[in-house]
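This report concerns only the one structure given below.
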Protein chains: 2
Amino acid sequence: MKVRAPPGMRDFYPPDMRIQTWLFDVWRHVSRRFGCEEYEGPIFEYLELYTLKSGDSIVSELFHFADRGARRFAIRPEMTPTLARLVAARAHALPRPIKWFSIPRLCRAEKPQRGRLREFFQWNVDILGVDDVLADAEVIAVAVEFLRQVGLTPGDAVVRISSRPIATAALAALGIAPEHANTAFQLIDRYDKLGAEEFQRRWRELAPQVRADDVLHHLDQSDLERCVELAERTGPAGAAAANQLRRLWERLREFGAGEFCVFDLKVVRGLAYYTGPVFEVTAKRVGLRALAGGGRYDSLTELLDGPRVPGVGFGMGDAPILELLSELGKLPALTESLDVFVIDAGEPYFARALEIVGALRRAGLVCDFSYKRQPIGKQFKQAAERGARYAVIVGAELEERHELTVKNLTAGRQKAVPAEEFLRAPAARLAEV
Amino acid sequence: MKVRAPPGMRDFYPPDMRIQTWLFDVWRHVSRRFGCEEYEGPIFEYLELYTLKSGDSIVSELFHFADRGARRFAIRPEMTPTLARLVAARAHALPRPIKWFSIPRLCRAEKPQRGRLREFFQWNVDILGVDDVLADAEVIAVAVEFLRQVGLTPGDAVVRISSRPIATAALAALGIAPEHANTAFQLIDRYDKLGAEEFQRRWRELAPQVRADDVLHHLDQSDLERCVELAERTGPAGAAAANQLRRLWERLREFGAGEFCVFDLKVVRGLAYYTGPVFEVTAKRVGLRALAGGGRYDSLTELLDGPRVPGVGFGMGDAPILELLSELGKLPALTESLDVFVIDAGEPYFARALEIVGALRRAGLVCDFSYKRQPIGKQFKQAAERGARYAVIVGAELEERHELTVKNLTAGRQKAVPAEEFLRAPAARLAEV
C-alpha cells in the first residue's frame, strides 16, 4: 500500500535539509550575538493553554486529541503560550532581563491548499522582565541583524512599527471608542484577506459613524510626529505611550537598526495580547508579505496565574523568508562536502583502505569511500561528485614503502606521505599538500 | 488559571537546552564524519503508515487524531516508516548507498509515570540500497564512534550483536520451528519487562516441547563460532547468514570498532521487520540499559509499494544516554559565554555604549550589556557572571580622546584602544589585549 506525505506538511530530503540547517544556523548565531539563550518546550500542550489566551474559537485551528486518561492536548500552533508558561513557573528565579530564543516546529489545522502549510518552523526571540523600550529596540535590532546577515537591504525588506496605545489614540481622534479598538485592529489586520467590499461591510457594523475609507486613509497618511503629538494630548497614558515610541526610535538608531525601520500605523497585529509597540517585517519587492511579526505583551504570565512579567518578542516563519531569498537569488549554494575520499588501488587493498577510513574518522575528519569496487578513475570521479577536498590513495606503496598517496583535489597537487606519520595528525598533514 | 506542562513531556530551560544542543551537535558531527547527510519529515503522518508495518495494536501507543476532512493522522512514534516512505518515493533517483541521519522528535502515548517519557528525541542513522554487511558494519561503527566521542570506553558500554537468521537456526536446533521464531524473539525481547514467571507461562503456550530455562541458557552460552557453524549446517540460507556474520566481524575490526562489539544471541529486537544482523548498544556499569538499537530491514520499502531497497540502521534516544553520561560524570560543564560585555562609565555614556554594542554585534561578536544603569564594579561583576571574555568600557576617554578601554577578563590585562580602529576589526583588536 502506498502512503503519501500528509497534506500541507514538508519532507526534507538532504538538499532541502541543508537549506533548513543553514537558516537555523543563521537564526541561532544572530540570536546568540545578542546574548539570547535557546529554550524549547513540548510539541503539544494542554488544550487550555491556547483557549485561555485566544478563546474557544482557536480550537478549530488546532490539531487536538485526548489521551487514554481523557486529558485534552493540542499540537502547539505558536510558541508564546509555552514561553509564558515556562517564565510564569520560574518568574522569581530567572535573572532579568530574560533574553531567550527558540526555533519551534509548529502546526496549524489549515485547509490543505497550495502554499498553505500545516507545519512550519518559526524563529522566536523574546526579552522578558523589562518594561523599558530598550527591550523592544533590542528585539527589533535582532530581526534587523538577521536581514543584514542574509544579505537583505532596506530596499528588500523593512520593519514597520506601530504602537497599540498610539493607534488607539489615532482611532479615538476619528471617533472610534477605545473599547472598540481591539475589534477595529483585528479588522484592519485582515483587510487584505477580506477584500475591500467585505471590509467595508464589517466596518459599517462596527463603527457606522466613521467611513472605512477615512480610517484607512488616515492610517496611511499618519506620520510619527503627528501621531505622537495627538497621543500626548489625550492625557498622561497617551503622553507615556508617545514618550515610549520616541525613545524606541532613539534606541533603534543607537543600535544601528534605524535604516530598516519605518513608522506605519496600519501595522496593528491581529492578536489581542499586544499592549505596546507592535511591528512587522515586510518584504518590499515581491508584494507586501509579512516575514515576521511581534510586539509587546505585558500581561501574558498573569493569564497563567503567574506574577506580572512584561515581555516583547517576535516570530519569523521559515517558509516566507526562504521563498523571498530564493526569489532574490540570495540563497547560498549548499552542496555536500567531504574532507577526504579514500580510494583503493584494487580489491586487495580494500581492507587496508577501510582501516584508513576508520582512522581518519576517529581523527575527526569527514571521510567516505566507494561502496563499489571499481577502477581508480571512477573513484576519483565519485570523490569530485561528493565535494571531497582531498583523496587518499591506498595501494602497493602502503605495503612496499608504508606510504599513502595524498592528493589535493582543489589544487591538483599530489604527494607520497609516510602512513604512520600521516595518521598521527592527518588534518595537519593534509594542509601541507 | 494555572496550566502545567503536559505529563511525560520535558521543558528545556536554557541550561537544559545547552545539554541538548551539545548532544545534538555530537550526533551531527559524528554522522557527518561518516558521510551521512541529514533529512527530516513531518511531525505526524497518515495513521496507516504505522498500522501497515505494526498492525492495529500499535494505535493505542500513538497520539492520533483526525482533521476536518476526517483524514486520520498520528504523531510519529519512530522515524523508520517516514524514512521508508521518503526512500520508496525516490528509490530510482537517489544515488546508492543512501547514507542518511536524522534527529526526530518522537511521541509515544505511554502511561505517564516517573521516568517514562511521552516525548523524546532520537538519533537515527541508516544506510540503504546496499545488501553488503559493509553497510551494517559502518552503521555500527557510527554508534561506536559516538561512544568514543562522548568519552565512553568498552568498560562503560558495548554493542551487543546478533543476527535474525542465526538466532532462528539456534532456536531450530532446540526444536522451535522457524515460523514461531518471530513470536519467540518478541517474547525473549520482553523477558525483563515480563518477569521470569510470566515469561515461563507464555513460553509454555508458544513451545511446550522446549523448557524456557533451556532456551535462555542456550542463548546465553552461545558463542559466535558455535552459532555460525550450526547455521552453516542448516543449508545454503544458513551458510549465507553465517558468512555474513563472519564478514561483519571482519569489517568492524577494519573500521576500528571491534573492541566495543560482542556477540550476544539474546539480542533479538522485538520489531518484526528486521531480517539480518540486529544489535543493541548497552550500558555496562549501571544495570543493563539499552542506549540504542537497530538492525537490518530489507523489505520495508516494499510494504509501501516501493521497489526493494535493503537497509540497515539504528536509533538512539536522548534520555538514556544523557542519564548515563550524567551518572558517570561525563557531561561537559556548559555555561553561557559572551565575547564582549560593554560597560558604560555612567548614564551620560549609555547611548554611546549601545552604539558600540550594535557595532560589535554587526561585526559578528556575541555581545551584551547591563539593562540596569549601575556602577562600573557591578557591571564588571555581571560581565563575569555571564562568562564574558572581554569588557569594553565606554567613558569620558571616548569623548576626550576617541578611545575605548578594552579589558581581557581572563588575563586581567587592560588597554586603551582608538575607537575607530577598534570598530574596524574588533575581533582582531580584542585578540591583541
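Simple scheme: letters A, B, ... for chains in C-alpha cells order, numbers from 1 for residues in each chain, numbers from 1 for ligands in the order shown.
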
Chain B residues near chain A within 7 Å, closest pair each, using only C-alpha atoms, as CSV:
residue,atom,partner,partner_atom,distance
B:Met1,CA,A:Leu304,CA,5.0
B:Lys2,CA,A:Leu304,CA,4.8
B:Val3,CA,A:Leu49,CA,6.2
B:Ala5,CA,A:Glu45,CA,6.7
B:Pro6,CA,A:Glu45,CA,5.7
B:Met9,CA,A:Pro42,CA,5.8
B:Arg10,CA,A:Pro42,CA,6.1
B:Asp11,CA,A:Gly41,CA,4.6
B:Phe12,CA,A:Glu40,CA,4.9
B:Tyr13,CA,A:Tyr39,CA,5.1
B:Pro14,CA,A:Tyr39,CA,5.0
B:Met17,CA,A:Tyr39,CA,5.6
B:Arg32,CA,A:Val366,CA,6.1
B:Arg33,CA,A:Val366,CA,3.7
B:Phe34,CA,A:Cys367,CA,5.9
B:Gly35,CA,A:Asp368,CA,5.6
B:Glu37,CA,A:Pro14,CA,5.9
B:Glu38,CA,A:Pro14,CA,5.5
B:Tyr39,CA,A:Pro14,CA,5.0
B:Glu40,CA,A:Phe12,CA,4.9
B:Gly41,CA,A:Asp11,CA,4.6
B:Pro42,CA,A:Met9,CA,5.8
B:Glu45,CA,A:Pro6,CA,5.7
B:Tyr46,CA,A:Pro6,CA,6.1
B:Leu49,CA,A:Val3,CA,6.2
B:His64,CA,A:Phe65,CA,6.9
B:Phe65,CA,A:Phe65,CA,5.7
B:Glu145,CA,A:Arg362,CA,6.9
B:Glu254,CA,A:Glu355,CA,4.8
B:Phe255,CA,A:Gly358,CA,4.5
B:Gly256,CA,A:Gly358,CA,6.0
B:Leu303,CA,A:Met1,CA,6.5
B:Leu304,CA,A:Lys2,CA,4.8
B:Asp305,CA,A:Met1,CA,5.3
B:Ala351,CA,A:Glu254,CA,6.5
B:Leu354,CA,A:Glu254,CA,5.9
B:Glu355,CA,A:Glu254,CA,4.8
B:Gly358,CA,A:Phe255,CA,4.5
B:Arg361,CA,A:Arg33,CA,5.8
B:Arg362,CA,A:Glu145,CA,6.9
B:Gly364,CA,A:Arg33,CA,6.7
B:Leu365,CA,A:Arg33,CA,5.8
B:Val366,CA,A:Arg33,CA,3.7
B:Cys367,CA,A:Arg33,CA,5.7
B:Asp368,CA,A:Gly35,CA,5.6

Would you output that residue set with N, CA and C atoms, as a compact mmCIF listing (two decimals), in the first residue's frame?
# COMPACT_ATOMS: atom_id res chain seq x y z
N MET B 1 -5.73 31.23 35.48
CA MET B 1 -5.69 29.77 35.56
C MET B 1 -4.27 29.26 35.31
N LYS B 2 -3.86 28.33 36.17
CA LYS B 2 -2.52 27.77 36.04
C LYS B 2 -2.58 26.59 35.08
N VAL B 3 -1.72 26.57 34.08
CA VAL B 3 -1.66 25.42 33.18
C VAL B 3 -0.28 24.79 33.33
N ALA B 5 2.83 21.79 32.60
CA ALA B 5 3.40 21.09 31.45
C ALA B 5 2.65 19.78 31.28
N PRO B 6 2.43 19.32 30.07
CA PRO B 6 1.75 18.03 29.88
C PRO B 6 2.59 16.91 30.49
N MET B 9 6.24 15.04 29.27
CA MET B 9 6.90 15.90 28.29
C MET B 9 7.91 16.77 29.04
N ARG B 10 8.97 17.16 28.36
CA ARG B 10 10.00 17.95 29.03
C ARG B 10 10.02 19.40 28.56
N ASP B 11 10.28 20.31 29.50
CA ASP B 11 10.59 21.69 29.17
C ASP B 11 12.11 21.81 29.16
N PHE B 12 12.62 22.58 28.23
CA PHE B 12 14.07 22.80 28.18
C PHE B 12 14.37 24.27 28.43
N TYR B 13 14.63 24.60 29.70
CA TYR B 13 15.13 25.94 30.03
C TYR B 13 16.55 26.03 29.47
N PRO B 14 17.09 27.26 29.32
CA PRO B 14 18.41 27.37 28.68
C PRO B 14 19.50 26.42 29.19
N MET B 17 18.72 23.17 27.69
CA MET B 17 18.84 23.25 26.24
C MET B 17 20.30 23.19 25.81
N ARG B 32 28.19 13.15 10.21
CA ARG B 32 28.77 13.76 9.01
C ARG B 32 30.15 13.18 8.71
N ARG B 33 30.90 12.86 9.78
CA ARG B 33 32.22 12.26 9.58
C ARG B 33 32.15 10.99 8.75
N PHE B 34 31.01 10.29 8.83
CA PHE B 34 30.83 9.04 8.08
C PHE B 34 30.18 9.29 6.72
N GLY B 35 30.08 10.55 6.33
CA GLY B 35 29.48 10.86 5.03
C GLY B 35 27.97 10.76 5.02
N GLU B 37 24.17 12.25 5.50
CA GLU B 37 23.52 13.54 5.33
C GLU B 37 22.20 13.58 6.10
N GLU B 38 21.85 14.76 6.61
CA GLU B 38 20.66 14.87 7.44
C GLU B 38 19.39 15.02 6.60
N TYR B 39 18.29 14.42 7.07
CA TYR B 39 16.97 14.58 6.46
C TYR B 39 15.97 14.80 7.57
N GLU B 40 14.76 15.21 7.22
CA GLU B 40 13.70 15.36 8.22
C GLU B 40 12.36 15.07 7.56
N GLY B 41 11.34 14.91 8.36
CA GLY B 41 10.00 14.65 7.85
C GLY B 41 8.98 15.33 8.74
N PRO B 42 7.71 15.15 8.45
CA PRO B 42 6.64 15.80 9.23
C PRO B 42 6.49 15.19 10.62
N GLU B 45 2.11 11.72 10.56
CA GLU B 45 1.95 11.03 9.28
C GLU B 45 0.53 10.45 9.23
N TYR B 46 0.11 10.00 8.06
CA TYR B 46 -1.14 9.23 7.98
C TYR B 46 -1.02 8.04 8.92
N LEU B 49 0.51 4.62 7.91
CA LEU B 49 1.96 4.39 7.77
C LEU B 49 2.47 3.52 8.93
N HIS B 64 -3.14 10.02 18.18
CA HIS B 64 -3.72 10.12 16.84
C HIS B 64 -4.94 11.02 16.85
N PHE B 65 -5.30 11.53 15.69
CA PHE B 65 -6.40 12.50 15.59
C PHE B 65 -6.83 12.59 14.13
N GLU B 145 31.71 5.20 17.25
CA GLU B 145 32.42 6.47 17.22
C GLU B 145 31.76 7.48 18.15
N GLU B 254 38.21 -3.84 10.86
CA GLU B 254 38.88 -2.92 9.94
C GLU B 254 38.53 -1.46 10.25
N PHE B 255 37.26 -1.20 10.54
CA PHE B 255 36.84 0.17 10.89
C PHE B 255 37.36 0.60 12.26
N GLY B 256 37.97 -0.31 13.00
CA GLY B 256 38.48 0.04 14.32
C GLY B 256 37.39 0.06 15.37
N LEU B 303 6.72 -2.81 1.55
CA LEU B 303 5.47 -2.63 2.27
C LEU B 303 4.72 -1.41 1.77
N LEU B 304 5.48 -0.41 1.32
CA LEU B 304 4.89 0.84 0.83
C LEU B 304 4.75 0.85 -0.68
N ASP B 305 4.70 -0.35 -1.27
CA ASP B 305 4.56 -0.49 -2.72
C ASP B 305 5.73 0.10 -3.49
N ALA B 351 24.12 55.87 25.82
CA ALA B 351 23.73 55.86 24.41
C ALA B 351 24.93 55.47 23.53
N LEU B 354 25.55 51.78 23.74
CA LEU B 354 24.65 51.00 22.89
C LEU B 354 25.12 51.01 21.43
N GLU B 355 25.68 52.13 21.00
CA GLU B 355 26.23 52.19 19.63
C GLU B 355 27.37 51.19 19.46
N GLY B 358 25.94 47.71 19.30
CA GLY B 358 25.39 47.47 17.97
C GLY B 358 26.49 47.17 16.96
N ARG B 361 28.07 43.64 17.57
CA ARG B 361 27.18 42.56 17.11
C ARG B 361 27.17 42.49 15.59
N ARG B 362 27.16 43.64 14.92
CA ARG B 362 27.19 43.63 13.45
C ARG B 362 28.48 42.99 12.95
N GLY B 364 29.76 40.49 14.22
CA GLY B 364 29.68 39.05 14.44
C GLY B 364 30.03 38.60 15.85
N LEU B 365 30.28 39.55 16.76
CA LEU B 365 30.65 39.15 18.12
C LEU B 365 29.42 38.94 19.00
N VAL B 366 29.55 38.01 19.94
CA VAL B 366 28.50 37.76 20.93
C VAL B 366 28.67 38.81 22.03
N CYS B 367 27.74 39.71 22.13
CA CYS B 367 27.97 40.91 22.92
C CYS B 367 26.72 41.28 23.73
N ASP B 368 26.92 41.65 24.98
CA ASP B 368 25.77 42.10 25.77
C ASP B 368 26.18 43.23 26.71

Tell me, which residues of segment 42-137 of chain A carry DSSP strand (DSSP E or B), written as a PyMOL selection string? chain A and resi 44-46+64-66+72-75+98-102+105-107+113+116+119-128

Can you list, as a PyMOL selection string, every protein, DNA or RNA residue that comes within 8 Å of Ile161 of chain A when you count only C-alpha atoms, leaving out same-chain residues fewer than 6 positions away? chain A and resi 261-265+267+277-280

Resulting file, chosen residues, C-alpha atoms, as a PDB file, in the first residue's frame:
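File produced: selection.pdb:
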ATOM      1  CA  CYS A 261      12.648  50.809  10.410  1.00  0.00           C
ATOM      2  CA  VAL A 262       9.586  52.792   9.322  1.00  0.00           C
ATOM      3  CA  PHE A 263       6.560  54.039  11.266  1.00  0.00           C
ATOM      4  CA  ASP A 264       3.303  52.567   9.931  1.00  0.00           C
ATOM      5  CA  LEU A 265       0.028  52.856  11.847  1.00  0.00           C
ATOM      6  CA  VAL A 267       0.511  47.533  11.414  1.00  0.00           C
ATOM      7  CA  PRO A 277       4.675  48.732  20.328  1.00  0.00           C
ATOM      8  CA  VAL A 278       3.888  46.224  17.562  1.00  0.00           C
ATOM      9  CA  PHE A 279       5.836  45.555  14.404  1.00  0.00           C
ATOM     10  CA  GLU A 280       6.039  43.544  11.233  1.00  0.00           C
TER      11      GLU A 280
END

Taking only C-alpha atoms into account, which of B:Ala428, B:Leu331, B:Pro320, B:Ala391 comes nearest Leu117 of chain B?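 Closest to Leu117 of chain B of all the choices is B:Pro320.
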
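From atom CA of Gly311 of chain A back to atom CA of Ile98 of chain A, the distance works out to 8.9 Å.
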